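Text of target.txt, listed as compact mmCIF, C-alpha atoms:
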```txt
# COMPACT_ATOMS: atom_id res chain seq x y z
CA ALA A 1 47.22 -44.73 76.02
CA LEU A 2 48.17 -41.60 77.95
CA PRO A 3 49.99 -41.84 81.29
CA ALA A 4 47.68 -41.31 84.27
CA GLY A 5 47.04 -37.60 84.79
CA ALA A 6 48.75 -36.54 81.55
CA PRO A 7 46.84 -33.77 79.72
CA LEU A 8 45.62 -34.35 76.19
CA ARG A 9 47.33 -31.72 74.05
CA ALA A 10 46.14 -32.44 70.49
CA ILE A 11 43.96 -34.79 68.48
CA VAL A 12 44.57 -35.73 64.85
CA VAL A 13 41.72 -37.25 62.85
CA ALA A 14 42.75 -38.87 59.56
CA ILE A 15 39.99 -38.79 56.95
CA GLY A 16 39.64 -40.14 53.43
CA ASP A 17 38.79 -36.71 52.08
CA VAL A 18 40.11 -33.18 51.67
CA THR A 19 39.30 -30.66 54.40
CA ALA A 20 37.59 -27.28 54.29
CA PRO A 21 36.44 -24.64 56.83
CA ASP A 22 33.07 -25.40 58.39
CA ARG A 23 30.12 -23.08 57.84
CA ALA A 24 30.67 -21.34 61.17
CA GLY A 25 34.27 -20.62 60.25
CA THR A 26 35.46 -22.01 63.58
CA GLY A 27 37.14 -25.21 62.41
CA MET A 28 37.72 -27.70 59.62
CA ARG A 29 35.59 -30.55 58.33
CA PRO A 30 35.57 -32.93 55.34
CA ALA A 31 34.99 -31.05 52.10
CA THR A 32 32.71 -33.61 50.43
CA ALA A 33 29.98 -36.00 51.50
CA LYS A 34 32.33 -39.01 51.49
CA ALA A 35 33.74 -38.58 55.00
CA GLY A 36 31.37 -36.00 56.49
CA PRO A 37 28.94 -38.35 58.31
CA VAL A 38 31.79 -40.41 59.82
CA PHE A 39 33.57 -37.30 61.04
CA ASP A 40 30.36 -35.94 62.56
CA ALA A 41 29.83 -39.20 64.44
CA VAL A 42 33.41 -39.18 65.75
CA SER A 43 33.26 -35.49 66.70
CA VAL A 44 30.59 -36.16 69.30
CA ALA A 45 33.01 -38.38 71.23
CA LEU A 46 35.98 -36.00 71.12
CA PRO A 47 36.85 -34.30 74.43
CA PRO A 48 35.94 -30.59 74.45
CA GLY A 49 38.64 -27.96 74.57
CA VAL A 50 41.35 -30.06 72.92
CA PRO A 51 42.63 -28.80 69.54
CA VAL A 52 41.54 -31.11 66.71
CA HIS A 53 43.51 -31.27 63.48
CA LEU A 54 42.08 -32.97 60.39
CA GLU A 55 44.45 -34.51 57.89
CA ASN A 56 43.98 -36.55 54.75
CA ASN A 57 44.70 -40.24 55.37
CA VAL A 58 47.07 -40.53 52.39
CA ASN A 59 49.03 -37.49 53.60
CA CYS A 60 49.35 -39.17 57.01
CA ALA A 61 50.71 -42.33 55.38
CA ALA A 62 53.18 -40.24 53.36
CA LEU A 63 54.48 -38.71 56.60
CA ALA A 64 54.93 -42.20 58.01
CA GLU A 65 56.97 -43.27 54.98
CA LEU A 66 59.05 -40.07 55.23
CA HIS A 67 60.00 -40.55 58.86
CA GLU A 68 59.85 -44.31 59.42
CA GLY A 69 59.40 -46.07 56.10
CA ALA A 70 60.61 -46.41 52.53
CA ALA A 71 61.31 -42.67 52.03
CA ARG A 72 63.62 -42.11 55.00
CA GLY A 73 66.41 -39.80 53.95
CA ARG A 74 64.44 -38.51 50.95
CA ARG A 75 63.11 -34.96 51.12
CA THR A 76 60.98 -35.18 47.97
CA PHE A 77 58.82 -38.10 46.87
CA GLY A 78 55.29 -39.22 46.06
CA TYR A 79 53.35 -41.77 48.09
CA LEU A 80 50.95 -43.44 45.63
CA ARG A 81 48.16 -45.34 47.38
CA ILE A 82 46.17 -47.84 45.34
CA GLY A 83 43.35 -49.78 46.97
CA VAL A 84 39.61 -49.33 46.95
CA GLY A 85 40.43 -45.78 45.87
CA VAL A 86 43.51 -43.92 44.64
CA GLY A 87 45.42 -41.05 46.19
CA LEU A 88 48.80 -39.36 46.27
CA GLY A 89 50.69 -37.94 49.21
CA ILE A 90 53.11 -35.30 47.90
CA VAL A 91 56.20 -34.48 49.96
CA ILE A 92 58.35 -31.57 48.80
CA GLY A 93 61.38 -30.49 50.82
CA GLY A 94 60.26 -32.66 53.73
CA GLN A 95 56.80 -31.06 53.89
CA VAL A 96 53.44 -32.39 52.72
CA LEU A 97 52.00 -30.35 49.86
CA ARG A 98 48.29 -29.72 50.45
CA GLY A 99 47.42 -27.22 47.72
CA ALA A 100 45.11 -24.21 47.64
CA ASN A 101 42.00 -26.32 48.29
CA GLY A 102 43.72 -28.94 50.42
CA ALA A 103 43.23 -31.25 47.45
CA ALA A 104 46.77 -31.78 46.15
CA GLY A 105 47.17 -35.44 45.24
CA GLU A 106 43.45 -36.16 44.72
CA LEU A 107 44.17 -38.34 41.70
CA ALA A 108 40.55 -39.48 41.47
CA ARG A 109 39.83 -36.09 39.88
CA LEU A 110 42.21 -36.63 36.96
CA PRO A 111 40.13 -36.60 33.75
CA TYR A 112 39.30 -40.15 32.63
CA PRO A 113 38.63 -41.46 30.04
CA TRP A 114 40.26 -38.97 27.71
CA ASP A 115 39.67 -39.79 24.05
CA ASP A 116 37.49 -38.78 21.12
CA ASP A 117 34.64 -41.16 21.81
CA ARG A 118 34.11 -41.00 25.58
CA GLU A 119 33.37 -38.11 27.92
CA PRO A 120 35.40 -37.84 31.15
CA ARG A 121 33.36 -38.38 34.32
CA GLN A 122 34.21 -37.11 37.78
CA GLU A 123 36.30 -39.69 39.68
CA ALA A 124 36.00 -42.17 36.81
CA LEU A 125 39.74 -42.87 37.08
CA GLU A 126 39.32 -44.12 40.65
CA ALA A 127 36.45 -46.31 39.51
CA TYR A 128 38.75 -47.83 36.87
CA VAL A 129 41.92 -48.35 38.92
CA GLY A 130 40.35 -49.20 42.28
CA SER A 131 40.18 -52.75 43.61
CA GLN A 132 36.44 -53.13 42.94
CA ALA A 133 37.05 -52.62 39.22
CA LEU A 134 39.92 -55.11 39.39
CA LEU A 135 37.55 -57.70 40.84
CA ARG A 136 34.96 -56.95 38.16
CA ARG A 137 37.59 -57.58 35.48
CA ALA A 138 38.45 -60.84 37.22
CA ALA A 139 34.80 -61.92 37.16
CA GLU A 140 34.61 -61.17 33.44
CA ALA A 141 37.82 -63.07 32.65
CA TRP A 142 37.22 -66.09 34.89
CA ARG A 143 36.07 -69.42 33.45
CA GLU A 144 34.60 -72.42 35.24
CA THR A 145 37.79 -74.38 34.56
CA ASP A 146 39.82 -71.75 36.43
CA GLY A 147 38.27 -72.73 39.75
CA PRO A 148 36.42 -70.42 42.17
CA CYS A 149 36.59 -66.76 41.13
CA PRO A 150 38.34 -64.67 43.81
CA ARG A 151 35.99 -62.38 45.73
CA THR A 152 38.72 -60.24 47.27
CA ALA A 153 41.79 -58.52 45.88
CA GLU A 154 43.92 -60.35 48.46
CA ARG A 155 42.78 -63.70 47.08
CA LEU A 156 43.37 -62.58 43.50
CA PHE A 157 46.93 -61.55 44.34
CA ALA A 158 47.52 -64.81 46.20
CA LEU A 159 46.50 -66.79 43.12
CA ALA A 160 48.73 -64.62 40.94
CA ALA A 161 51.66 -65.32 43.27
CA GLU A 162 51.06 -69.03 42.66
CA GLY A 163 51.29 -68.41 38.91
CA ARG A 164 47.62 -69.16 38.34
CA GLU A 165 45.85 -67.79 35.28
CA PRO A 166 43.98 -65.58 34.68
CA ALA A 167 44.99 -64.03 38.03
CA ARG A 168 48.57 -63.55 36.90
CA SER A 169 47.52 -61.69 33.74
CA LEU A 170 45.03 -59.53 35.65
CA VAL A 171 47.67 -58.47 38.18
CA ALA A 172 50.12 -57.73 35.36
CA ARG A 173 47.52 -55.50 33.69
CA HIS A 174 46.85 -53.79 37.03
CA ALA A 175 50.58 -53.13 37.38
CA ALA A 176 50.64 -51.49 33.94
CA ASP A 177 47.64 -49.32 34.87
CA VAL A 178 49.33 -48.22 38.08
CA GLY A 179 52.52 -47.58 36.09
CA ARG A 180 50.61 -45.23 33.79
CA LEU A 181 49.20 -43.38 36.78
CA ALA A 182 52.72 -43.15 38.21
CA ALA A 183 53.88 -41.73 34.86
CA ALA A 184 51.23 -39.00 35.10
CA VAL A 185 52.46 -38.17 38.61
CA THR A 186 56.06 -38.09 37.42
CA ALA A 187 55.24 -35.85 34.46
CA VAL A 188 53.86 -33.21 36.85
CA LEU A 189 56.09 -33.59 39.93
CA ASP A 190 59.28 -35.36 38.84
CA PRO A 191 59.57 -36.63 42.44
CA GLY A 192 62.56 -38.94 41.95
CA LEU A 193 60.91 -41.57 44.16
CA ILE A 194 57.44 -43.10 44.23
CA VAL A 195 56.41 -45.27 47.19
CA LEU A 196 53.60 -47.68 46.36
CA GLY A 197 51.10 -48.25 49.17
CA GLY A 198 47.51 -49.32 49.71
CA SER A 199 45.78 -52.68 49.86
CA THR A 200 46.82 -53.58 46.30
CA GLY A 201 49.53 -51.01 45.59
CA ALA A 202 51.89 -52.26 48.27
CA ASP A 203 51.96 -55.82 46.89
CA PRO A 204 55.49 -56.51 45.58
CA GLN A 205 54.01 -58.25 42.53
CA LEU A 206 53.24 -54.81 41.09
CA LEU A 207 56.77 -53.45 41.30
CA SER A 208 58.25 -54.83 38.10
CA GLY A 209 55.28 -53.88 35.94
CA VAL A 210 55.00 -50.39 37.42
CA ARG A 211 58.71 -49.77 36.93
CA THR A 212 58.58 -50.98 33.33
CA GLU A 213 55.56 -48.88 32.35
CA LEU A 214 56.82 -45.78 34.15
CA GLY A 215 60.24 -46.17 32.54
CA ARG A 216 58.63 -46.48 29.12
CA LEU A 217 56.51 -43.34 29.50
CA SER A 218 58.30 -40.85 31.70
CA TRP A 219 61.47 -39.68 33.46
CA PRO A 220 63.77 -42.03 35.40
CA THR A 221 62.10 -42.52 38.77
CA GLU A 222 62.78 -44.96 41.59
CA VAL A 223 59.76 -47.06 42.59
CA VAL A 224 59.60 -49.01 45.87
CA SER A 225 56.93 -50.69 47.97
CA SER A 226 55.72 -49.27 51.26
CA GLN A 227 57.62 -50.49 54.31
CA ILE A 228 54.84 -49.64 56.77
CA GLY A 229 51.80 -51.09 55.05
CA ASP A 230 48.32 -50.84 56.55
CA LEU A 231 49.54 -48.98 59.64
CA GLY A 232 50.82 -46.02 57.62
CA THR A 233 47.87 -43.74 58.26
CA VAL A 234 47.90 -44.44 62.02
CA VAL A 235 51.68 -44.03 62.31
CA GLY A 236 51.61 -40.75 60.39
CA ALA A 237 48.64 -39.40 62.34
CA ALA A 238 50.35 -40.26 65.63
CA ARG A 239 53.53 -38.46 64.58
CA LEU A 240 51.50 -35.44 63.48
CA ALA A 241 49.59 -35.42 66.78
CA VAL A 242 52.87 -35.32 68.71
CA ALA A 243 54.10 -32.42 66.58
CA LYS A 244 50.81 -30.53 67.06
CA GLY A 245 50.86 -31.20 70.80
CA VAL A 246 54.40 -29.86 71.13
CA GLN A 247 53.42 -26.82 69.08
CA ASN A 248 50.41 -26.14 71.32
CA VAL A 249 52.50 -26.39 74.48
CA THR A 250 55.25 -24.17 73.04
CA GLU A 251 52.82 -21.50 71.85
CA GLY A 252 51.03 -21.59 75.21
CA ALA A 253 54.30 -21.05 77.05
CA GLN A 254 55.18 -18.10 74.80
CA VAL A 255 51.81 -16.45 75.52
CA LYS A 256 52.39 -16.80 79.28
CA ASP A 257 55.85 -15.24 78.96
```
Write the structure described by the file as structure tokens, please.
Amino acid sequence: ALPAGAPLRAIVVAIGDVTAPDRAGTGMRPATAKAGPVFDAVSVALPPGVPVHLENNVNCAALAELHEGAARGRRTFGYLRIGVGVGLGIVIGGQVLRGANGAAGELARLPYPWDDDREPRQEALEAYVGSQALLRRAAEAWRETDGPCPRTAERLFALAAEGREPARSLVARHAADVGRLAAAVTAVLDPGLIVLGGSTGADPQLLSGVRTELGRLSWPTEVVSSQIGDLGTVVGAARLAVAKGVQNVTEGAQVKD
């Protein structure tokens, strides 16, 4: 909450999408249909005249890890988010890398599958690594004697932590899959550090398997779990809003001078 009478200097809206100029050329909006309707609904409620900055939600979380989380003191790293979807926040020299289209780190667009018998489909990798696919694999592997099949990833991971099968094997396979994705990231960026975040990625049960698979396939790279967790996007967006607000005030003062 703002102090009474304090002016609103900047608004940051974190979206699960890349951003692109709107048709009028006067601002930015989500580049695909995934986040467009939500952003349009939110835009109606935004106060007029206040600068609005759109930022990818994974990039916001990467900023949070850089300043307040597992990557403090590291100028270059990758924040690998694994949950319902997949994404990568790339920090180089203390700055988030956005790319020519604002799409740097959109791992869902990596070609998958990639072999002689199957044709890659757009965002098929996300459909394979995401938590919904993990739950589908659980449903296929579960037997009546295993008890109730978990309906959420949280429950699946809880059963794995208890050593229950087939939950334990499913989580181990998920860790190997994430490790292979981390190896692809390392082959391109060689970041030195990968921070695992997201609703499944941040679970410490993945660490050992990710480290093993990454070590088997690519360069030596430190892998740690997020220290901020679910609040990463909010924390990063808040920090970015402060920076944008200070920038707006500073630039306004320079114009007056």
Exercise on stretch 126-144 of chain A, axis-aligned box with 5 Å per side, report centre and edge lengths in Å to one decimal, as AutoDock Vina command-line options:
```
--center_x 38.3 --center_y -58.3 --center_z 38.1 --size_x 17.3 --size_y 38.3 --size_z 21.0
```
For stretch 11-25 of chain A, find every residue with an atom within 6 Å (counting only C-alpha atoms), except residues of its own chain fewer than 6 positions away, and show them as a ChimeraX atom specification.
/A:31,52-57,102-103,241
Near A:Leu134, within 12 Å and counting only C-alpha atoms, which residues show up once chain neighbours fewer than 3 positions away are dropped, as number ranges by chain?
A: 82-85, 126-131, 137-141, 150-157, 167, 169-175, 177-178, 200
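Here the selection is built from only C-alpha atoms, and the residues within 10 Å of (55.3, -56.6, 43.6) turn out to be Phe157, Ala161, Val171, Ala172, Ala175, Leu196, Thr200, Gly201, Ala202, Asp203, Pro204, Gln205, Leu206, Leu207, Ser208, Gly209, Val210, Val224 and Ser225 of chain A.
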Quick one: everything within 9 Å of A:Asp146, counting only C-alpha atoms, minus sequence neighbours fewer than 3 positions away in the same chain. Send it as a PDB file with C-alpha atoms, keeping the file's coordinate frame.
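File result_3.pdb, as written:
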```
ATOM      1  CA  TRP A 142      37.220 -66.090  34.890  1.00  0.00           C
ATOM      2  CA  ARG A 143      36.070 -69.420  33.450  1.00  0.00           C
ATOM      3  CA  CYS A 149      36.590 -66.760  41.130  1.00  0.00           C
ATOM      4  CA  ARG A 164      47.620 -69.160  38.340  1.00  0.00           C
ATOM      5  CA  GLU A 165      45.850 -67.790  35.280  1.00  0.00           C
ATOM      6  CA  PRO A 166      43.980 -65.580  34.680  1.00  0.00           C
TER       7      PRO A 166
END
```
